[in-house]
Structure formats: structure tokens, C-alpha cells
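The file upload.txt comes next; it holds compact mmCIF, C-alpha atoms.
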```txt
# COMPACT_ATOMS: atom_id res chain seq x y z
CA MET A 1 0.00 0.00 0.00
CA SER A 2 1.47 3.38 -1.02
CA LEU A 3 1.55 6.41 1.30
CA GLU A 4 -1.18 8.05 -0.87
CA GLU A 5 -3.43 4.99 -0.40
CA ILE A 6 -2.83 4.94 3.36
CA ILE A 7 -3.69 8.68 3.68
CA GLY A 8 -6.74 8.30 1.39
CA SER A 9 -8.02 5.30 3.36
CA LEU A 10 -7.48 7.04 6.70
CA ALA A 11 -9.32 10.12 5.35
CA ALA A 12 -12.24 7.93 4.20
CA VAL A 13 -12.48 6.13 7.57
CA LEU A 14 -12.40 9.44 9.52
CA THR A 15 -14.98 11.32 7.39
CA THR A 16 -17.29 8.26 7.32
CA THR A 17 -17.14 7.40 11.03
CA SER A 18 -17.35 11.07 12.14
CA PHE A 19 -21.14 11.04 11.68
CA LEU A 20 -21.51 8.23 14.26
CA PRO A 21 -20.75 10.43 17.36
CA GLN A 22 -23.10 13.14 15.95
CA ALA A 23 -25.91 10.58 15.50
CA VAL A 24 -25.29 9.21 19.03
CA HIS A 25 -25.22 12.78 20.43
CA VAL A 26 -28.59 13.65 18.84
CA LEU A 27 -30.17 10.31 19.85
CA ARG A 28 -28.96 10.66 23.45
CA THR A 29 -29.80 14.32 24.02
CA ARG A 30 -32.81 14.48 21.62
CA ASP A 31 -31.57 18.04 20.93
CA THR A 32 -31.35 19.14 17.27
CA GLN A 33 -31.62 22.91 17.86
CA ALA A 34 -28.11 23.76 16.56
CA ILE A 35 -28.33 21.25 13.68
CA SER A 36 -28.94 22.88 10.28
CA LEU A 37 -31.88 21.35 8.36
CA THR A 38 -30.46 22.73 5.08
CA MET A 39 -27.05 21.17 5.74
CA TYR A 40 -28.42 17.68 6.42
CA THR A 41 -30.84 17.86 3.47
CA LEU A 42 -28.06 18.85 1.01
CA PHE A 43 -25.59 16.43 2.60
CA THR A 44 -27.94 13.41 2.60
CA VAL A 45 -28.89 14.00 -1.08
CA GLY A 46 -25.18 14.50 -1.94
CA ILE A 47 -24.09 11.31 -0.14
CA THR A 48 -26.91 9.36 -1.85
CA LEU A 49 -25.61 10.62 -5.23
CA TRP A 50 -22.05 9.55 -4.22
CA GLY A 51 -23.50 6.05 -3.58
CA VAL A 52 -25.22 6.09 -7.01
CA TYR A 53 -21.90 7.22 -8.57
CA GLY A 54 -20.14 4.31 -6.81
CA LEU A 55 -22.76 1.85 -8.12
CA MET A 56 -22.55 3.22 -11.70
CA THR A 57 -18.74 3.15 -11.74
CA ASN A 58 -18.59 -0.14 -9.78
CA GLN A 59 -16.40 1.07 -6.90
CA PRO A 60 -17.23 -1.00 -3.77
CA SER A 61 -15.29 1.29 -1.37
CA ILE A 62 -17.32 4.34 -2.47
CA ILE A 63 -20.58 2.35 -2.16
CA ALA A 64 -19.65 1.08 1.34
CA ALA A 65 -18.40 4.42 2.75
CA ASN A 66 -21.41 6.37 1.46
CA GLY A 67 -23.84 3.60 2.39
CA ILE A 68 -22.77 3.90 6.05
CA THR A 69 -22.80 7.73 5.98
CA VAL A 70 -26.24 7.97 4.36
CA VAL A 71 -27.76 5.89 7.19
CA LEU A 72 -26.15 8.09 9.90
CA ALA A 73 -26.80 11.46 8.17
CA GLY A 74 -30.33 10.32 7.22
CA LEU A 75 -31.07 9.45 10.86
CA ILE A 76 -29.91 12.92 12.03
CA LEU A 77 -32.01 14.51 9.23
CA CYS A 78 -35.13 12.53 10.28
CA LEU A 79 -34.78 13.62 13.92
CA LYS A 80 -34.30 17.26 12.83
CA ILE A 81 -37.38 17.13 10.55
CA ARG A 82 -39.42 15.62 13.42
CA ASP A 83 -38.38 18.53 15.68
CA VAL A 84 -39.10 21.17 12.99
CA LEU A 85 -42.59 19.68 12.42
CA ALA A 86 -43.25 19.51 16.18
CA ALA A 87 -42.21 23.18 16.57
CA LYS A 88 -44.53 24.17 13.69
CA ARG A 89 -47.44 22.28 15.24
CA LYS A 90 -46.75 23.98 18.57
CA ALA A 91 -46.59 27.43 16.91
CA GLY A 92 -49.85 26.75 15.08
CA ALA A 93 -51.71 25.40 18.13
CA MET B 1 -19.59 14.80 -19.82
CA SER B 2 -20.91 11.31 -19.02
CA LEU B 3 -23.88 10.65 -16.71
CA GLU B 4 -21.44 9.25 -14.11
CA GLU B 5 -19.40 12.47 -14.22
CA ILE B 6 -22.55 14.63 -13.90
CA ILE B 7 -23.77 12.63 -10.87
CA GLY B 8 -20.27 12.65 -9.29
CA SER B 9 -19.91 16.42 -9.78
CA LEU B 10 -23.40 17.10 -8.40
CA ALA B 11 -22.61 14.89 -5.38
CA ALA B 12 -19.33 16.79 -4.79
CA VAL B 13 -21.06 20.20 -5.02
CA LEU B 14 -23.85 19.13 -2.60
CA THR B 15 -21.61 17.54 0.07
CA THR B 16 -19.13 20.47 -0.12
CA THR B 17 -21.68 23.31 0.01
CA SER B 18 -23.83 21.59 2.68
CA PHE B 19 -21.46 22.80 5.42
CA LEU B 20 -22.11 26.45 4.49
CA PRO B 21 -25.69 26.61 5.95
CA GLN B 22 -24.43 24.80 9.10
CA ALA B 23 -21.62 27.35 9.54
CA VAL B 24 -24.07 30.25 8.95
CA HIS B 25 -26.55 28.66 11.41
CA VAL B 26 -23.92 28.38 14.17
CA LEU B 27 -22.53 31.89 13.49
CA ARG B 28 -26.01 33.43 13.55
CA THR B 29 -27.43 31.62 16.58
CA ARG B 30 -24.08 31.18 18.46
CA ASP B 31 -25.60 27.86 19.57
CA THR B 32 -23.39 24.75 19.33
CA GLN B 33 -25.15 22.67 22.01
CA ALA B 34 -26.37 19.92 19.62
CA ILE B 35 -23.10 19.89 17.62
CA SER B 36 -20.86 16.90 18.39
CA LEU B 37 -17.26 17.90 19.24
CA THR B 38 -16.07 14.37 18.36
CA MET B 39 -17.78 14.51 14.97
CA TYR B 40 -16.21 17.83 13.95
CA THR B 41 -12.77 16.81 15.27
CA LEU B 42 -12.77 13.53 13.29
CA PHE B 43 -14.35 15.20 10.23
CA THR B 44 -11.93 18.16 10.12
CA VAL B 45 -8.89 15.85 10.44
CA GLY B 46 -10.41 13.53 7.78
CA ILE B 47 -11.09 16.39 5.34
CA THR B 48 -7.55 17.73 5.89
CA LEU B 49 -6.19 14.27 5.00
CA TRP B 50 -8.41 14.24 1.84
CA GLY B 51 -6.78 17.56 0.90
CA VAL B 52 -3.29 16.07 1.49
CA TYR B 53 -4.32 13.04 -0.63
CA GLY B 54 -5.46 15.44 -3.40
CA LEU B 55 -2.12 17.31 -3.23
CA MET B 56 -0.07 14.08 -3.29
CA THR B 57 -2.03 12.61 -6.23
CA ASN B 58 -2.30 16.00 -7.98
CA GLN B 59 -6.12 16.13 -8.25
CA PRO B 60 -7.22 19.81 -8.27
CA SER B 61 -10.96 19.01 -7.80
CA ILE B 62 -10.24 17.03 -4.60
CA ILE B 63 -7.96 19.83 -3.32
CA ALA B 64 -10.59 22.53 -4.07
CA ALA B 65 -13.62 20.67 -2.63
CA ASN B 66 -11.80 19.69 0.57
CA GLY B 67 -10.14 23.10 0.88
CA ILE B 68 -13.57 24.76 1.03
CA THR B 69 -14.99 22.14 3.42
CA VAL B 70 -12.03 22.27 5.83
CA VAL B 71 -12.55 26.06 6.27
CA LEU B 72 -16.30 25.63 6.99
CA ALA B 73 -15.95 22.52 9.21
CA GLY B 74 -12.93 24.08 10.96
CA LEU B 75 -14.95 27.21 11.75
CA ILE B 76 -17.79 25.13 13.28
CA LEU B 77 -15.19 23.13 15.27
CA CYS B 78 -13.54 26.34 16.60
CA LEU B 79 -16.90 27.73 17.78
CA LYS B 80 -17.74 24.40 19.46
CA ILE B 81 -14.33 24.26 21.22
CA ARG B 82 -14.83 27.86 22.41
CA ASP B 83 -18.23 26.90 23.94
CA VAL B 84 -16.84 23.72 25.54
CA LEU B 85 -13.99 25.72 27.12
CA ALA B 86 -16.39 28.44 28.30
CA ALA B 87 -18.65 25.79 29.89
CA LYS B 88 -15.64 24.22 31.64
CA ARG B 89 -14.52 27.61 32.99
CA LYS B 90 -18.06 28.26 34.22
CA ALA B 91 -18.23 24.83 35.91
CA GLY B 92 -14.86 25.44 37.58
CA ALA B 93 -15.69 28.97 38.77
```
Encoding of this model in C-alpha cells:
Amino acid sequence: MSLEEIIGSLAAVLTTTSFLPQAVHVLRTRDTQAISLTMYTLFTVGITLWGVYGLMTNQPSIIAANGITVVLAGLILCLKIRDVLAAKRKAGA
Amino acid sequence: MSLEEIIGSLAAVLTTTSFLPQAVHVLRTRDTQAISLTMYTLFTVGITLWGVYGLMTNQPSIIAANGITVVLAGLILCLKIRDVLAAKRKAGA
């Protein structure tokens, strides 16, 4: 394995796994106030497209990394949407 | 431009720009409570390594995309660290 491959792999592992502590944080505290809805919408769509790109170009590492991230980012997005809808219902009540 | 290249480029634009609304959100509200320190530490180091990988393999698009993201993610990380330190000082006072 070349130095480039080692650095690229380490980068992929770090950026993929980084969403796990954020998902755990949001699940544990149930607080999504400081989370940006726009960020997680754009990011989840973007990561899904990366997965599609990996499927189309047949690159298993891209499919795997983005498959994991889309689950974690999608979970954070769902919890944020739930809170936004609950706040709207409260404001309307 | 092939369909794969269009999807890959769109994915890169979305995942890169997604951190802009999160940075704006945190700057505007000054609220980092729901932001995970571990996530932004791992992510910022990971994105920096992606930039190094881009430099070593001479891929301008990887350097550009990760250069933008490291500034935005680094800014969010700095604001989170500031709040964590402030909370520690408060707890110790």
C-alpha cells in the first residue's frame, strides 16, 4: 500500500465514522436545535448521489463508505425534521 | 460529460456546500449545544487528509472541494471548542 493509499483510506475512515458520534449525540440528548436542516438535506442528497456514482462506476469502497454515511446522516435529518414539524405544530396550536 | 461524471460532480457540489448553511446557522445563533465535538474533530482531520491526498495525487478538484470544506468545518469546530472551554470555565468557577 502506497503512502497516498494509506492517507486516502485514513481520510475515508475518519470522514465516514465522524457522523456516528453526531448521530449518538442527537439520539442521546434528543436536541437538534443547533443542527442545520439545510445542511443535512443537502448532505444526505449528496451522499446518496455519491453512492449512485459508486454503483454506476462499480467502486465497492465508495458504495460502502457512502452507504454507512447515508444511514447516519439520514437518521440525524429525520430527527431534525421531526423537531421542525413539532415546533410548527406547537406554533400553530 | 458522461452521466457518471454529472452525478459525481453534483454529489461533490452538494456535500461540499452543505457545510455552508451549518456554519451560517452556528454563526447566527451562536448555539453549538447539539453539535458533536467528536464529529467535527474527526471530520476536520479527515477532510484535511483528503486535501493532502489530493495534493499528493495532484487532483485539483479534490484539493478545491476539501479546501472549502475544511474552512467551513474548521470554523464550526472552533466555535464548538470555544463553547466547551467556556462551559468548563463556568463549571470550575
**Prompt:** Counting only C-alpha atoms, what is within 12 Å of region 70-78 of chain B, bar same-chain residues fewer than 6 positions away, as a ChimeraX atom specification?
**Reply:** /A:15,18,34-36,39 /B:15-28,30-52,62-64,84-85
All in-order C-alpha pairs, least squares, chain B moved onto chain A. Output the fitted coordinates as a compact mmCIF listing (two decimals) with C-alpha atoms, in the frame of the given file, please.
```
# COMPACT_ATOMS: atom_id res chain seq x y z
CA MET B 1 -0.01 0.00 0.00
CA SER B 2 1.44 3.38 -1.01
CA LEU B 3 1.54 6.42 1.29
CA GLU B 4 -1.17 8.04 -0.87
CA GLU B 5 -3.43 5.00 -0.42
CA ILE B 6 -2.83 4.95 3.36
CA ILE B 7 -3.69 8.67 3.67
CA GLY B 8 -6.75 8.29 1.38
CA SER B 9 -8.03 5.28 3.36
CA LEU B 10 -7.48 7.04 6.70
CA ALA B 11 -9.32 10.11 5.36
CA ALA B 12 -12.24 7.92 4.19
CA VAL B 13 -12.47 6.13 7.58
CA LEU B 14 -12.40 9.45 9.52
CA THR B 15 -14.98 11.33 7.40
CA THR B 16 -17.29 8.26 7.32
CA THR B 17 -17.14 7.40 11.04
CA SER B 18 -17.34 11.07 12.14
CA PHE B 19 -21.13 11.04 11.69
CA LEU B 20 -21.50 8.23 14.26
CA PRO B 21 -20.77 10.42 17.36
CA GLN B 22 -23.10 13.13 15.94
CA ALA B 23 -25.92 10.58 15.51
CA VAL B 24 -25.30 9.20 19.04
CA HIS B 25 -25.22 12.77 20.43
CA VAL B 26 -28.58 13.66 18.85
CA LEU B 27 -30.17 10.32 19.85
CA ARG B 28 -28.97 10.66 23.45
CA THR B 29 -29.79 14.33 24.02
CA ARG B 30 -32.82 14.50 21.62
CA ASP B 31 -31.56 18.03 20.92
CA THR B 32 -31.34 19.14 17.27
CA GLN B 33 -31.62 22.90 17.86
CA ALA B 34 -28.10 23.75 16.56
CA ILE B 35 -28.32 21.25 13.66
CA SER B 36 -28.93 22.89 10.27
CA LEU B 37 -31.87 21.35 8.36
CA THR B 38 -30.47 22.73 5.08
CA MET B 39 -27.06 21.19 5.74
CA TYR B 40 -28.42 17.69 6.42
CA THR B 41 -30.84 17.87 3.47
CA LEU B 42 -28.08 18.86 1.01
CA PHE B 43 -25.58 16.43 2.60
CA THR B 44 -27.93 13.41 2.60
CA VAL B 45 -28.89 14.00 -1.06
CA GLY B 46 -25.18 14.50 -1.92
CA ILE B 47 -24.09 11.31 -0.14
CA THR B 48 -26.91 9.36 -1.85
CA LEU B 49 -25.61 10.63 -5.22
CA TRP B 50 -22.04 9.54 -4.23
CA GLY B 51 -23.49 6.07 -3.58
CA VAL B 52 -25.21 6.09 -7.02
CA TYR B 53 -21.89 7.23 -8.58
CA GLY B 54 -20.13 4.31 -6.80
CA LEU B 55 -22.76 1.85 -8.11
CA MET B 56 -22.55 3.21 -11.69
CA THR B 57 -18.72 3.14 -11.74
CA ASN B 58 -18.58 -0.15 -9.79
CA GLN B 59 -16.40 1.08 -6.89
CA PRO B 60 -17.22 -1.00 -3.77
CA SER B 61 -15.28 1.28 -1.35
CA ILE B 62 -17.31 4.34 -2.46
CA ILE B 63 -20.57 2.36 -2.16
CA ALA B 64 -19.65 1.08 1.34
CA ALA B 65 -18.41 4.41 2.77
CA ASN B 66 -21.40 6.37 1.46
CA GLY B 67 -23.84 3.60 2.40
CA ILE B 68 -22.78 3.90 6.05
CA THR B 69 -22.81 7.72 5.98
CA VAL B 70 -26.24 7.99 4.34
CA VAL B 71 -27.77 5.89 7.19
CA LEU B 72 -26.15 8.09 9.89
CA ALA B 73 -26.81 11.45 8.16
CA GLY B 74 -30.33 10.31 7.22
CA LEU B 75 -31.07 9.46 10.86
CA ILE B 76 -29.91 12.93 12.02
CA LEU B 77 -32.01 14.52 9.23
CA CYS B 78 -35.13 12.53 10.27
CA LEU B 79 -34.78 13.63 13.92
CA LYS B 80 -34.30 17.26 12.82
CA ILE B 81 -37.39 17.13 10.54
CA ARG B 82 -39.41 15.62 13.41
CA ASP B 83 -38.39 18.55 15.69
CA VAL B 84 -39.10 21.16 13.00
CA LEU B 85 -42.58 19.69 12.43
CA ALA B 86 -43.25 19.51 16.18
CA ALA B 87 -42.22 23.18 16.56
CA LYS B 88 -44.52 24.16 13.68
CA ARG B 89 -47.45 22.27 15.24
CA LYS B 90 -46.75 23.97 18.56
CA ALA B 91 -46.60 27.42 16.91
CA GLY B 92 -49.88 26.74 15.10
CA ALA B 93 -51.71 25.41 18.18
```
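CA of Ser9 (chain B) sits 15.1 Å away from CA of Ile68 (chain B).
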**Prompt:** So which one's closest to chain B, A:Lys90, A:Pro60, A:Ser2, A:Val13? Using all atoms listed in the file, please.
**Reply:**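 Answer, going by the shortest atom-to-atom distance: A:Val13.
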**Asked** Which value, in Å to one decimal, gives the distance between CA of Leu14 (chain A) and CA of Leu79 (chain A)?
**Response**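 Answer for the CA of Leu14 (chain A) to CA of Leu79 (chain A) separation: 23.2 Å.
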**Message:** What's the separation between CA of Gly54 (chain B) and CA of Ala11 (chain B), in Å to one decimal place?
**Reply:**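 So the two atoms, CA of Gly54 (chain B) and CA of Ala11 (chain B), lie 17.3 Å apart.
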Generate all heavy atoms for region 64-75 of chain A and emit them as a compact mmCIF listing (two decimals), in the coordinates of the input.
```
# COMPACT_ATOMS: atom_id res chain seq x y z
N ALA A 64 -19.65 1.42 -0.09
CA ALA A 64 -19.65 1.08 1.34
C ALA A 64 -19.57 2.34 2.21
O ALA A 64 -20.40 2.52 3.12
CB ALA A 64 -18.47 0.15 1.65
N ALA A 65 -18.59 3.22 1.93
CA ALA A 65 -18.40 4.42 2.75
C ALA A 65 -19.66 5.29 2.74
O ALA A 65 -20.12 5.74 3.79
CB ALA A 65 -17.20 5.22 2.25
N ASN A 66 -20.24 5.50 1.55
CA ASN A 66 -21.41 6.37 1.46
C ASN A 66 -22.68 5.69 1.94
O ASN A 66 -23.60 6.36 2.41
CB ASN A 66 -21.55 6.91 0.04
CG ASN A 66 -20.45 7.90 -0.28
OD1 ASN A 66 -20.42 8.99 0.25
ND2 ASN A 66 -19.49 7.49 -1.10
N GLY A 67 -22.70 4.37 1.86
CA GLY A 67 -23.84 3.60 2.39
C GLY A 67 -23.95 3.78 3.90
O GLY A 67 -25.04 4.00 4.45
N ILE A 68 -22.79 3.72 4.58
CA ILE A 68 -22.77 3.90 6.05
C ILE A 68 -23.16 5.35 6.39
O ILE A 68 -24.00 5.59 7.26
CB ILE A 68 -21.35 3.59 6.61
CG1 ILE A 68 -21.00 2.12 6.38
CG2 ILE A 68 -21.26 3.95 8.10
CD1 ILE A 68 -19.54 1.77 6.64
N THR A 69 -22.56 6.32 5.67
CA THR A 69 -22.80 7.73 5.98
C THR A 69 -24.25 8.12 5.74
O THR A 69 -24.81 8.91 6.50
CB THR A 69 -21.86 8.65 5.17
OG1 THR A 69 -20.53 8.13 5.25
CG2 THR A 69 -21.87 10.07 5.69
N VAL A 70 -24.86 7.57 4.67
CA VAL A 70 -26.24 7.97 4.36
C VAL A 70 -27.20 7.51 5.47
O VAL A 70 -28.17 8.22 5.78
CB VAL A 70 -26.68 7.47 2.95
CG1 VAL A 70 -27.15 6.03 2.96
CG2 VAL A 70 -27.78 8.36 2.37
N VAL A 71 -26.92 6.38 6.10
CA VAL A 71 -27.76 5.89 7.19
C VAL A 71 -27.64 6.85 8.39
O VAL A 71 -28.65 7.28 8.96
CB VAL A 71 -27.36 4.45 7.61
CG1 VAL A 71 -28.06 4.03 8.89
CG2 VAL A 71 -27.68 3.47 6.49
N LEU A 72 -26.39 7.22 8.74
CA LEU A 72 -26.15 8.09 9.90
C LEU A 72 -26.68 9.52 9.66
O LEU A 72 -27.39 10.08 10.49
CB LEU A 72 -24.65 8.13 10.22
CG LEU A 72 -24.03 6.79 10.64
CD1 LEU A 72 -22.52 6.89 10.69
CD2 LEU A 72 -24.59 6.36 12.00
N ALA A 73 -26.34 10.09 8.48
CA ALA A 73 -26.80 11.46 8.17
C ALA A 73 -28.33 11.47 8.00
O ALA A 73 -28.99 12.43 8.42
CB ALA A 73 -26.11 11.97 6.91
N GLY A 74 -28.87 10.41 7.41
CA GLY A 74 -30.33 10.32 7.22
C GLY A 74 -31.07 10.26 8.55
O GLY A 74 -32.14 10.85 8.72
N LEU A 75 -30.47 9.56 9.52
CA LEU A 75 -31.07 9.45 10.86
C LEU A 75 -31.10 10.83 11.54
O LEU A 75 -32.13 11.23 12.10
CB LEU A 75 -30.23 8.47 11.70
CG LEU A 75 -30.60 8.31 13.17
CD1 LEU A 75 -31.94 7.60 13.29
CD2 LEU A 75 -29.53 7.50 13.91
```
